[in-house]
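Engineer: Got upload-v6.cif for you, mmCIF, C-alpha atoms:
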data_data
#
loop_
_atom_site.label_atom_id
_atom_site.label_comp_id
_atom_site.auth_asym_id
_atom_site.auth_seq_id
_atom_site.Cartn_x
_atom_site.Cartn_y
_atom_site.Cartn_z
CA MET A 24 -64.87 40.03 55.04
CA LYS A 25 -63.24 38.78 58.26
CA LYS A 26 -66.71 38.39 59.78
CA ILE A 27 -67.88 36.26 56.84
CA GLY A 28 -64.73 34.14 57.13
CA GLY A 29 -65.33 33.71 60.86
CA LEU A 30 -68.96 32.76 60.24
CA ILE A 31 -67.96 30.14 57.65
CA LEU A 32 -65.41 28.72 60.13
CA ILE A 33 -68.06 28.50 62.88
CA VAL A 34 -70.50 26.78 60.50
CA LEU A 35 -67.80 24.31 59.43
CA LEU A 36 -66.79 23.57 63.02
CA ALA A 37 -70.44 23.15 64.05
CA GLY A 38 -70.77 20.62 61.24
CA CYS A 39 -67.92 18.64 62.83
CA SER A 40 -69.56 18.41 66.26
CA SER A 41 -70.78 14.93 67.19
CA SER A 42 -73.85 15.88 69.22
CA ALA A 43 -77.18 14.27 68.39
CA SER A 44 -80.71 14.90 69.57
CA VAL A 45 -83.25 12.30 68.53
CA LYS A 46 -86.98 12.15 69.16
CA ILE A 47 -88.71 8.87 68.44
CA THR A 48 -92.15 9.45 66.96
CA SER A 49 -92.82 6.20 65.16
CA SER A 50 -95.81 4.05 66.04
CA PHE A 51 -95.67 0.33 66.75
CA PRO A 52 -97.83 -2.51 65.45
CA SER A 53 -100.52 -4.12 67.60
CA VAL A 54 -99.37 -7.31 69.28
CA LEU A 55 -100.76 -10.64 68.17
CA SER A 56 -101.57 -12.40 71.40
CA GLU A 57 -104.21 -14.06 73.55
CA PRO A 58 -104.46 -11.95 76.71
CA LYS A 59 -105.18 -13.52 80.09
CA PRO A 60 -108.28 -12.65 82.13
CA ILE A 61 -106.48 -10.15 84.34
CA ASN A 62 -107.32 -6.52 85.10
CA ALA A 63 -104.13 -4.50 85.19
CA SER A 64 -103.44 -0.86 85.91
CA ILE A 65 -100.31 0.57 84.34
CA LEU A 66 -99.04 3.54 86.28
CA ILE A 67 -97.35 5.89 83.83
CA GLU A 68 -95.49 8.48 85.83
CA ASP A 69 -94.68 11.81 84.26
CA SER A 70 -90.96 11.05 84.36
CA PHE A 71 -91.60 7.93 82.23
CA ALA A 72 -93.95 9.61 79.73
CA THR A 73 -91.44 12.40 79.11
CA TYR A 74 -88.25 10.37 79.47
CA VAL A 75 -85.23 11.60 77.55
CA GLY A 76 -82.21 9.30 77.65
CA THR A 77 -78.74 10.83 77.77
CA PRO A 78 -76.34 7.98 77.04
CA ASN A 79 -73.49 10.52 76.86
CA LYS A 80 -73.13 14.28 77.22
CA ASN A 81 -73.55 14.86 73.48
CA THR A 82 -76.54 12.62 72.82
CA GLN A 83 -80.19 12.91 73.80
CA ILE A 84 -82.81 10.32 72.86
CA ASP A 85 -86.43 11.27 73.57
CA ILE A 86 -88.30 7.98 73.94
CA GLY A 87 -91.05 9.09 76.37
CA ALA A 88 -94.08 9.19 74.07
CA SER A 89 -93.05 6.24 71.94
CA GLN A 90 -92.44 3.89 74.89
CA VAL A 91 -95.89 4.72 76.28
CA ASN A 92 -97.31 3.93 72.84
CA LEU A 93 -95.41 0.64 72.76
CA LEU A 94 -96.43 -0.45 76.28
CA ASN A 95 -100.04 0.44 75.46
CA SER A 96 -99.98 -2.16 72.72
CA ALA A 97 -97.86 -4.75 74.58
CA PHE A 98 -99.84 -4.75 77.85
CA SER A 99 -103.10 -5.02 75.88
CA GLY A 100 -101.70 -8.28 74.53
CA LEU A 101 -100.97 -9.58 78.04
CA PHE A 102 -104.12 -8.63 79.94
CA ASP A 103 -107.82 -8.62 79.10
CA ASN A 104 -108.38 -5.21 80.71
CA VAL A 105 -105.70 -2.56 80.92
CA ASP A 106 -106.08 0.89 82.48
CA PHE A 107 -103.36 3.46 81.97
CA VAL A 108 -103.32 5.73 85.01
CA THR A 109 -101.11 8.62 86.03
CA SER A 110 -101.48 8.25 89.81
CA LEU A 111 -102.34 5.50 92.30
CA ASP A 112 -105.62 7.32 93.18
CA GLN A 113 -106.97 6.39 89.75
CA VAL A 114 -106.51 2.63 90.29
CA THR A 115 -109.93 0.97 90.49
CA ALA A 116 -111.03 -1.73 92.93
CA GLU A 117 -111.28 -4.30 90.11
CA THR A 118 -107.54 -4.13 89.41
CA ASP A 119 -105.56 -7.34 89.97
CA LEU A 120 -102.08 -5.98 89.19
CA ILE A 121 -100.46 -2.56 89.37
CA ILE A 122 -97.40 -2.18 87.14
CA THR A 123 -95.12 0.85 87.23
CA PRO A 124 -92.55 0.90 84.43
CA SER A 125 -89.43 3.02 84.66
CA VAL A 126 -86.25 3.45 82.66
CA ILE A 127 -83.04 2.70 84.53
CA GLU A 128 -80.66 3.70 81.77
CA VAL A 129 -80.22 4.16 78.02
CA GLN A 130 -76.83 3.16 76.60
CA LEU A 131 -75.43 3.90 73.17
CA SER A 132 -72.51 2.41 71.30
CA THR A 133 -71.29 4.03 68.07
CA PRO A 134 -68.89 2.66 65.44
CA SER A 135 -66.07 4.63 67.07
CA ASP A 136 -66.78 2.86 70.40
CA ASN A 137 -67.36 -0.69 69.23
CA TYR A 138 -65.14 -0.81 66.10
CA LEU A 139 -68.08 -2.41 64.30
CA ASN A 140 -69.96 -0.79 61.48
CA VAL A 141 -73.14 -0.45 63.57
CA PHE A 142 -74.90 1.77 66.11
CA GLU A 143 -76.26 -0.10 69.14
CA VAL A 144 -78.81 1.04 71.73
CA TRP A 145 -79.70 -0.63 75.03
CA ILE A 146 -82.74 0.45 77.05
CA LYS A 147 -82.86 -0.96 80.57
CA TYR A 148 -86.36 -1.00 82.06
CA ASN A 149 -87.61 -1.88 85.50
CA LEU A 150 -91.18 -3.04 86.05
CA ASP A 151 -92.42 -2.61 89.60
CA ILE A 152 -95.25 -5.16 89.85
CA GLN A 153 -97.66 -5.01 92.79
CA ALA A 154 -100.79 -6.88 93.77
CA LYS A 155 -104.01 -4.88 94.24
CA ASP A 156 -103.35 -4.56 97.99
CA GLY A 157 -100.06 -2.80 97.21
CA ALA A 158 -97.85 -5.78 98.14
CA LEU A 159 -94.78 -6.00 95.94
CA ILE A 160 -94.82 -9.11 93.74
CA THR A 161 -91.50 -8.41 92.04
CA ASN A 162 -89.22 -5.82 90.47
CA TRP A 163 -88.46 -7.13 87.00
CA PHE A 164 -85.36 -5.93 85.17
CA MET A 165 -86.10 -5.88 81.45
CA PRO A 166 -83.25 -4.99 79.07
CA ALA A 167 -83.96 -4.31 75.38
CA TYR A 168 -81.46 -4.09 72.54
CA GLY A 169 -81.43 -2.65 69.04
CA LYS A 170 -78.78 -2.14 66.39
CA THR A 171 -78.57 -0.73 62.89
CA PRO A 172 -77.89 -3.20 60.10
CA ASP A 173 -75.01 -1.09 58.80
CA SER A 174 -73.82 2.44 59.48
CA PHE A 175 -72.03 2.95 56.17
CA MET A 176 -72.64 6.56 55.08
CA ALA A 177 -75.47 6.78 57.62
CA ASP A 178 -76.46 10.05 59.26
CA LYS A 179 -75.70 9.69 63.00
CA GLU A 180 -79.13 10.89 64.18
CA LYS A 181 -80.96 8.62 61.73
CA ALA A 182 -78.82 5.66 62.78
CA ILE A 183 -79.50 6.27 66.50
CA GLU A 184 -83.22 6.64 65.74
CA GLN A 185 -83.24 3.38 63.79
CA ALA A 186 -81.39 1.47 66.55
CA THR A 187 -83.72 2.93 69.22
CA ILE A 188 -86.87 1.89 67.31
CA ILE A 189 -85.47 -1.65 67.05
CA ALA A 190 -84.68 -1.59 70.80
CA LEU A 191 -88.25 -0.45 71.59
CA ARG A 192 -89.68 -3.22 69.41
CA ASP A 193 -87.38 -5.62 71.25
CA ALA A 194 -88.78 -4.37 74.56
CA GLY A 195 -92.28 -5.29 73.34
CA ALA A 196 -91.04 -8.73 72.25
CA LYS A 197 -89.25 -9.33 75.56
CA LEU A 198 -92.35 -8.33 77.52
CA MET A 199 -94.62 -10.64 75.51
CA LEU A 200 -92.19 -13.54 75.61
CA ASP A 201 -91.03 -13.41 79.21
CA PHE A 202 -93.64 -11.69 81.39
CA TYR A 203 -95.48 -14.88 82.34
CA ARG A 204 -92.17 -16.69 82.78
CA ILE A 205 -91.19 -14.45 85.73
CA PRO A 206 -91.19 -16.92 88.66
CA ALA A 207 -92.94 -14.47 91.00
CA ILE A 208 -95.67 -13.80 88.40
CA ASN A 209 -96.03 -17.53 87.84
CA ASP A 210 -96.54 -18.06 91.58
CA TRP A 211 -99.00 -15.20 91.75
CA LEU A 212 -100.94 -16.63 88.78
CA SER A 213 -101.17 -20.06 90.37
CA ARG A 214 -102.53 -18.46 93.54
CA GLN A 215 -105.14 -16.62 91.46
CA ASN A 216 -106.07 -19.86 89.67
CA ILE A 217 -105.56 -18.26 86.23
CA ASN A 218 -104.84 -20.46 83.21
CA GLN A 219 -101.08 -20.44 82.53
CA GLU A 220 -101.00 -22.29 79.23
CA SER A 221 -101.93 -19.68 76.64
CA GLN A 222 -98.65 -17.78 76.87
CA SER A 223 -96.26 -20.73 77.12
CA LEU A 224 -94.41 -19.85 73.87
CA MET B 28 -55.30 4.07 8.57
CA THR B 29 -54.01 0.60 9.52
CA LYS B 30 -52.14 2.21 12.42
CA THR B 31 -55.37 3.88 13.71
CA ILE B 32 -57.34 0.61 13.50
CA GLY B 33 -54.55 -1.18 15.31
CA LYS B 34 -54.56 1.45 18.08
CA LEU B 35 -58.36 1.24 18.44
CA GLY B 36 -58.19 -2.55 18.50
CA GLY B 37 -55.61 -2.40 21.27
CA GLN B 38 -57.75 -0.02 23.35
CA LEU B 39 -60.83 -2.19 22.78
CA GLY B 40 -58.88 -5.28 23.82
CA LEU B 41 -57.72 -3.54 27.00
CA LEU B 42 -61.29 -2.43 27.78
CA ILE B 43 -62.65 -5.96 27.26
CA MET B 44 -59.88 -7.36 29.43
CA LEU B 45 -60.64 -4.86 32.19
CA LEU B 46 -64.39 -5.42 32.04
CA SER B 47 -64.03 -9.20 32.00
CA GLY B 48 -61.95 -8.86 35.16
CA CYS B 49 -65.04 -7.31 36.77
CA SER B 50 -67.36 -10.30 36.59
CA ALA B 51 -68.20 -12.29 39.70
CA THR B 52 -67.80 -16.04 40.08
CA THR B 53 -71.00 -17.49 41.48
CA THR B 54 -71.70 -21.02 42.71
CA ILE B 55 -75.11 -22.34 43.74
CA ASP B 56 -75.74 -25.48 45.80
CA GLU B 57 -79.25 -26.78 46.07
CA TYR B 58 -80.87 -29.40 48.22
CA ARG B 59 -84.47 -30.52 47.93
CA PRO B 60 -86.03 -33.89 48.50
CA THR B 61 -87.71 -33.97 45.10
CA ASP B 62 -87.17 -32.62 41.58
CA GLN B 63 -90.78 -31.51 41.38
CA PRO B 64 -91.41 -27.80 41.94
CA ILE B 65 -93.58 -26.67 44.83
CA VAL B 66 -96.99 -25.83 43.41
CA LEU B 67 -98.54 -22.56 44.58
CA SER B 68 -102.27 -22.46 44.09
CA GLY B 69 -104.78 -19.60 44.05
CA ASP B 70 -103.82 -16.77 46.34
CA GLU B 71 -101.01 -18.60 48.13
CA LYS B 72 -98.07 -16.34 48.88
CA VAL B 73 -94.44 -16.62 49.86
CA VAL B 74 -92.70 -14.42 52.40
CA ILE B 75 -88.93 -13.89 52.28
CA LEU B 76 -87.34 -12.97 55.62
CA GLY B 77 -83.81 -12.08 56.63
CA ARG B 78 -82.10 -13.64 59.65
CA ARG B 79 -81.14 -10.90 62.11
CA ASP B 80 -80.17 -12.77 65.25
CA ALA B 81 -76.41 -13.03 64.69
CA GLY B 82 -74.23 -10.60 66.60
CA HIS B 83 -71.66 -9.62 63.97
CA TYR B 84 -73.82 -9.36 60.85
CA GLU B 85 -77.41 -9.31 59.71
CA THR B 86 -78.97 -10.13 56.39
CA ASP B 87 -79.62 -6.71 54.91
CA ARG B 88 -83.07 -5.57 53.84
CA GLU B 89 -81.79 -4.36 50.48
CA PHE B 90 -80.75 -7.93 49.61
CA ILE B 91 -84.11 -9.33 50.77
CA GLU B 92 -85.93 -6.78 48.58
CA CYS B 93 -83.71 -7.64 45.63
CA VAL B 94 -84.42 -11.39 45.95
CA SER B 95 -88.14 -10.67 46.50
CA ASP B 96 -88.22 -8.62 43.28
CA GLU B 97 -86.52 -11.45 41.37
CA VAL B 98 -89.01 -14.02 42.70
CA THR B 99 -91.98 -11.70 42.04
CA SER B 100 -90.82 -11.29 38.44
CA GLY B 101 -91.61 -15.01 38.02
CA GLY B 102 -95.28 -14.38 38.80
CA ILE B 103 -94.99 -15.64 42.40
CA LYS B 104 -96.85 -13.58 45.00
CA VAL B 105 -94.42 -12.36 47.65
CA LEU B 106 -95.57 -10.53 50.78
CA PRO B 107 -93.17 -7.70 51.74
CA GLU B 108 -90.99 -8.65 54.70
CA GLN B 109 -91.86 -5.71 56.98
CA GLN B 110 -95.61 -6.14 56.33
CA PHE B 111 -95.37 -9.75 57.55
CA ILE B 112 -93.20 -8.90 60.58
CA ASP B 113 -95.61 -6.13 61.64
CA ALA B 114 -98.71 -8.28 61.08
CA ILE B 115 -97.33 -11.01 63.31
CA TYR B 116 -95.58 -8.75 65.86
CA PRO B 117 -93.77 -9.66 68.09
CA TRP B 118 -93.23 -13.28 67.03
CA PHE B 119 -90.75 -12.67 64.19
CA GLU B 120 -88.53 -10.08 65.87
CA PRO B 121 -84.79 -10.98 66.17
CA ARG B 122 -85.39 -12.16 69.77
CA THR B 123 -88.48 -14.26 69.07
CA ALA B 124 -88.23 -15.52 65.47
CA PRO B 125 -88.19 -19.32 65.26
CA LYS B 126 -84.73 -20.66 64.47
CA GLY B 127 -85.92 -24.19 63.81
CA LEU B 128 -89.01 -26.19 62.94
CA PRO B 129 -89.81 -27.31 66.54
CA ARG B 130 -90.22 -23.67 67.59
CA LEU B 131 -92.25 -22.89 64.44
CA LYS B 132 -94.56 -25.80 65.29
CA ARG B 133 -95.10 -24.38 68.77
CA LEU B 134 -95.87 -20.96 67.33
CA MET B 135 -98.32 -22.38 64.83
CA GLN B 136 -100.17 -24.16 67.64
CA GLN B 137 -101.31 -20.72 68.78
CA ASN B 138 -104.70 -20.20 67.16
CA ASN B 139 -104.31 -16.46 66.65
CA ILE B 140 -100.91 -16.83 64.94
CA LYS B 141 -102.16 -19.62 62.67
CA ALA B 142 -105.29 -17.59 61.85
CA LYS B 143 -103.23 -14.50 60.98
CA ILE B 144 -100.91 -16.48 58.67
CA ASP B 145 -103.93 -18.08 57.02
CA SER B 146 -105.64 -14.70 56.58
CA LEU B 147 -102.51 -13.38 54.85
CA SER B 148 -102.56 -16.51 52.60
CA ILE B 149 -98.90 -17.25 53.34
CA ARG B 150 -98.00 -20.83 52.54
CA TYR B 151 -94.19 -20.74 52.34
CA LEU B 152 -91.57 -18.89 54.32
CA VAL B 153 -88.08 -18.43 52.93
CA TRP B 154 -85.33 -17.57 55.43
CA LEU B 155 -82.32 -15.81 53.96
CA ASP B 156 -79.18 -15.80 56.04
CA GLY B 157 -75.84 -14.35 55.00
CA SER B 158 -73.82 -11.27 54.22
CA THR B 159 -71.42 -9.64 51.79
CA GLU B 160 -67.96 -8.91 53.14
CA THR B 161 -64.74 -7.42 51.87
CA THR B 162 -62.15 -10.17 52.19
CA GLY B 163 -59.00 -8.44 50.97
CA LYS B 164 -57.66 -5.05 49.88
CA GLY B 165 -54.56 -3.94 48.04
CA GLY B 166 -52.88 -1.03 46.27
CA SER B 167 -53.03 2.65 47.09
CA MET B 168 -54.48 5.80 45.62
CA SER B 169 -53.60 9.39 46.36
CA CYS B 170 -55.56 12.45 45.31
CA ALA B 171 -54.38 16.06 45.38
CA ILE B 172 -55.88 19.42 44.53
CA GLY B 173 -54.07 22.68 43.85
CA PRO B 174 -54.65 26.09 42.20
CA GLY B 175 -53.94 24.60 38.77
CA GLY B 176 -56.29 21.63 39.17
CA GLY B 177 -56.29 18.26 40.81
CA GLY B 178 -56.22 14.57 40.19
CA CYS B 179 -55.86 11.08 41.57
CA PHE B 180 -53.04 8.68 40.83
CA GLY B 181 -52.62 5.08 41.81
CA PHE B 182 -54.39 1.75 41.80
CA ALA B 183 -56.54 0.03 44.40
CA GLN B 184 -58.34 -3.29 44.42
CA TRP B 185 -60.60 -5.14 46.84
CA ASP B 186 -62.18 -8.59 46.92
CA LYS B 187 -65.78 -9.16 47.96
CA LEU B 188 -67.47 -12.38 48.96
CA SER B 189 -71.23 -12.90 49.25
CA VAL B 190 -72.47 -16.02 50.99
CA TYR B 191 -76.22 -16.47 51.44
CA GLU B 192 -78.32 -19.48 52.38
CA ALA B 193 -82.05 -19.80 51.75
CA THR B 194 -84.23 -22.25 53.65
CA VAL B 195 -87.80 -22.89 52.53
CA TRP B 196 -90.40 -23.80 55.19
CA ASP B 197 -93.90 -25.00 54.47
CA LEU B 198 -96.20 -23.25 56.96
CA ASP B 199 -99.03 -25.71 56.34
CA GLU B 200 -97.23 -29.04 56.64
CA LEU B 201 -94.58 -27.49 58.97
CA VAL B 202 -91.67 -29.14 57.17
CA GLU B 203 -88.53 -27.93 55.41
CA LYS B 204 -88.93 -28.02 51.63
CA GLY B 205 -85.36 -27.34 50.61
CA LYS B 206 -82.21 -25.29 50.95
CA LEU B 207 -80.16 -23.16 48.58
CA ARG B 208 -76.72 -21.72 49.07
CA VAL B 209 -75.08 -19.12 46.87
CA ASP B 210 -71.40 -18.12 46.99
CA SER B 211 -70.36 -15.21 44.82
CA GLU B 212 -66.94 -13.60 44.74
CA GLY B 213 -65.15 -11.01 42.66
CA THR B 214 -62.57 -8.25 42.63
CA SER B 215 -63.24 -4.55 42.04
CA TYR B 216 -60.64 -2.03 40.89
CA LEU B 217 -60.12 1.69 41.15
CA ILE B 218 -57.66 3.15 38.67
CA GLY B 219 -56.48 6.71 39.24
CA VAL B 220 -55.35 8.38 36.02
CA VAL B 221 -56.16 12.04 36.83
CA ALA B 222 -59.81 11.04 37.35
CA PRO B 223 -60.51 7.90 39.42
CA ILE B 224 -62.02 5.18 37.22
CA PRO B 225 -63.99 2.57 39.18
CA LEU B 226 -64.37 -0.93 37.73
CA LEU B 227 -66.83 -2.49 40.12
CA THR B 228 -67.79 -6.15 40.29
CA PRO B 229 -71.45 -6.49 41.30
CA VAL B 230 -70.88 -9.42 43.66
CA LYS B 231 -74.02 -8.87 45.76
CA ASN B 232 -76.22 -8.22 42.72
CA ASP B 233 -74.93 -11.40 41.15
CA ALA B 234 -75.68 -13.37 44.33
CA CYS B 235 -79.17 -11.83 44.41
CA GLY B 236 -79.90 -12.58 40.75
CA SER B 237 -78.65 -16.16 41.00
CA LEU B 238 -80.48 -16.90 44.25
CA GLY B 239 -83.69 -15.25 43.01
CA ASN B 240 -83.64 -17.18 39.74
CA GLN B 241 -82.99 -20.47 41.51
CA LEU B 242 -85.76 -19.79 44.04
CA LYS B 243 -88.18 -19.14 41.16
CA LEU B 244 -87.45 -22.70 39.99
CA PHE B 245 -88.48 -24.01 43.41
CA PHE B 246 -92.04 -22.85 42.81
CA SER B 247 -94.56 -23.22 40.05
CA ILE B 248 -97.97 -21.59 39.79
CA LYS B 249 -101.07 -23.68 39.25
#
The structure given in the file should be rewritten as structure tokens.
Structural biologist:
Amino acid sequence: MKKIGGLILIVLLAGCSSSASVKITSSFPSVLSEPKPINASILIEDSFATYVGTPNKNTQIDIGASQVNLLNSAFSGLFDNVDFVTSLDQVTAETDLIITPSVIEVQLSTPSDNYLNVFEVWIKYNLDIQAKDGALITNWFMPAYGKTPDSFMADKEKAIEQATIIALRDAGAKLMLDFYRIPAINDWLSRQNINQESQSL
Amino acid sequence: MTKTIGKLGGQLGLLIMLLSGCSATTTIDEYRPTDQPIVLSGDEKVVILGRRDAGHYETDREFIECVSDEVTSGGIKVLPEQQFIDAIYPWFEPRTAPKGLPRLKRLMQQNNIKAKIDSLSIRYLVWLDGSTETTGKGGSMSCAIGPGGGGCFGFAQWDKLSVYEATVWDLDELVEKGKLRVDSEGTSYLIGVVAPIPLLTPVKNDACGSLGNQLKLFFSIK
């Protein structure tokens, strides 16, 4: 009887723990864009493809597969030809740009942190952008943000998942909107004599 | 017999008084340059989108769906919000959605965006912006449970205010066709007499119904 009581207590206490483990599996829509005549190689390192964010010791957000899926769609909207490679050896001679994305940090804010009725997620990316000869063009810091509309009666894991999906979609939007506005990319484009008008939204 | 009828009448009166206290007060303001409704022809559709760029609130999807259902009930073809946002990704995300007509004009100059909107047969875009908030609370309620049973005693009340604004854009002529604003407010009560009895005022539903009905009057089908 004591054992059953102990078991019930453990189950109840486990129910009170605030840990969350979320894996993002959703797919993202294709981007609507006019890509530029550029051949780009996107170097997806293993650490990026399997990235699990730990915004605090009790929370894990697995965004590896979904962010690769998102970038697949977003980069296809920026460049005419995109190769996803896993090492520099696979980069072909026709490549104009080599881009290596990485995640700097994932941050989470819950209603108990922000005193708002929402969950918020920030994903901070860095894009290492190199020319085909390996010369660094720029390191572009790309923050993305997502929040839930309302956390009233929401399950914590579902709320974090929802905010993360919105943050990933925001990363796609930020990339499409701002990539060709990066001054170093603009300079590089003018040196390549590539039309700069199609993405001037 | 007369005593029983009198008692019943009293209870009925109290019930009517309580229920009438649960109705929302709704005001609608409308601006449009002409009295004539906008004529939708053939397969032309409307899309109703929520504004989600403000920091402290966002127009909730449930409200958008409610207004869309109201407008659809008038025979107007409405494309679901998420279907439109996905089809045109990423140009109507919170970061990229046009906040004014100049930005919309620039977007529509992009051939692929214009072609996509044309292929979806969307002629009008309705932006909904607003939220429902609790503006005041009062009273207190305490509940207790024991071996012999339990119950709640007390009285609580809260006021809700819904403010939503709808702006209609013509995606062909790239002009604003009109604006609507709905303000709805009401008080809900919770009476604890052993069991808690909620008397809820459907402020948001009222705002949705009023806005949806008024939007239906904006359009007519050829």
Engineer: Counting all atoms listed in the file, a student should be able to say which residues of chain A come within 12 Å of chain B; what is the right answer, written as a PyMOL selection string?
Structural biologist: chain A and resi 50-58+93+96-97+100+137-141+143+166-174+189-201+220-224
Engineer: Could you work out how far atom CA of A:Ile188 lies from atom CA of A:Ser64, giving the answer in Å with one decimal?
Structural biologist: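 Going from atom CA of A:Ser64 over to atom CA of A:Ile188 covers 25.1 Å.
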Engineer: What does the PyMOL selection byres ((chain B and resi 205-208) around 6) select in this file, as a list of chain:residue names?
Structural biologist: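 Taken on the displayed file, the PyMOL selection byres ((chain B and resi 205-208) around 6) yields the residues B:Ile55, B:Asp56, B:Glu57, B:Tyr58, B:Arg59, B:Tyr191, B:Glu192, B:Ala193, B:Thr194, B:Val195, B:Glu203, B:Lys204, B:Val209.
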Engineer: Limited to C-alpha atoms, could you put the picked residues into a file as a compact mmCIF listing (two decimals), in the frame of the given file?
Structural biologist:
# COMPACT_ATOMS: atom_id res chain seq x y z
CA ILE B 55 -75.11 -22.34 43.74
CA ASP B 56 -75.74 -25.48 45.80
CA GLU B 57 -79.25 -26.78 46.07
CA TYR B 58 -80.87 -29.40 48.22
CA ARG B 59 -84.47 -30.52 47.93
CA TYR B 191 -76.22 -16.47 51.44
CA GLU B 192 -78.32 -19.48 52.38
CA ALA B 193 -82.05 -19.80 51.75
CA THR B 194 -84.23 -22.25 53.65
CA VAL B 195 -87.80 -22.89 52.53
CA GLU B 203 -88.53 -27.93 55.41
CA LYS B 204 -88.93 -28.02 51.63
CA VAL B 209 -75.08 -19.12 46.87
Engineer: Every residue with an atom at most 12 Å from (-72.5, -11.0, 51.3) (file coordinates; only C-alpha atoms) is what I'm after, so could you write them as a ChimeraX atom specification?
Structural biologist: /B:53,84-87,89-91,155-162,186-192,208-213,229-235
Engineer: Given the file shown, determine the residues that the PyMOL selection byres ((chain A and resi 86) around 7) selects; report them as an MDAnalysis selection string.
Structural biologist: chainID A and resid 46:47 74:75 84:85 87:90
Engineer: Please dump the current selection as a PDB file, in the coordinates of the input; keep C-alpha atoms.
Structural biologist:
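Listing of out18.pdb after writing:
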ATOM      1  CA  LYS A  46     -86.980  12.150  69.160  1.00  0.00           C
ATOM      2  CA  ILE A  47     -88.710   8.870  68.440  1.00  0.00           C
ATOM      3  CA  TYR A  74     -88.250  10.370  79.470  1.00  0.00           C
ATOM      4  CA  VAL A  75     -85.230  11.600  77.550  1.00  0.00           C
ATOM      5  CA  ILE A  84     -82.810  10.320  72.860  1.00  0.00           C
ATOM      6  CA  ASP A  85     -86.430  11.270  73.570  1.00  0.00           C
ATOM      7  CA  GLY A  87     -91.050   9.090  76.370  1.00  0.00           C
ATOM      8  CA  ALA A  88     -94.080   9.190  74.070  1.00  0.00           C
ATOM      9  CA  SER A  89     -93.050   6.240  71.940  1.00  0.00           C
ATOM     10  CA  GLN A  90     -92.440   3.890  74.890  1.00  0.00           C
TER      11      GLN A  90
END
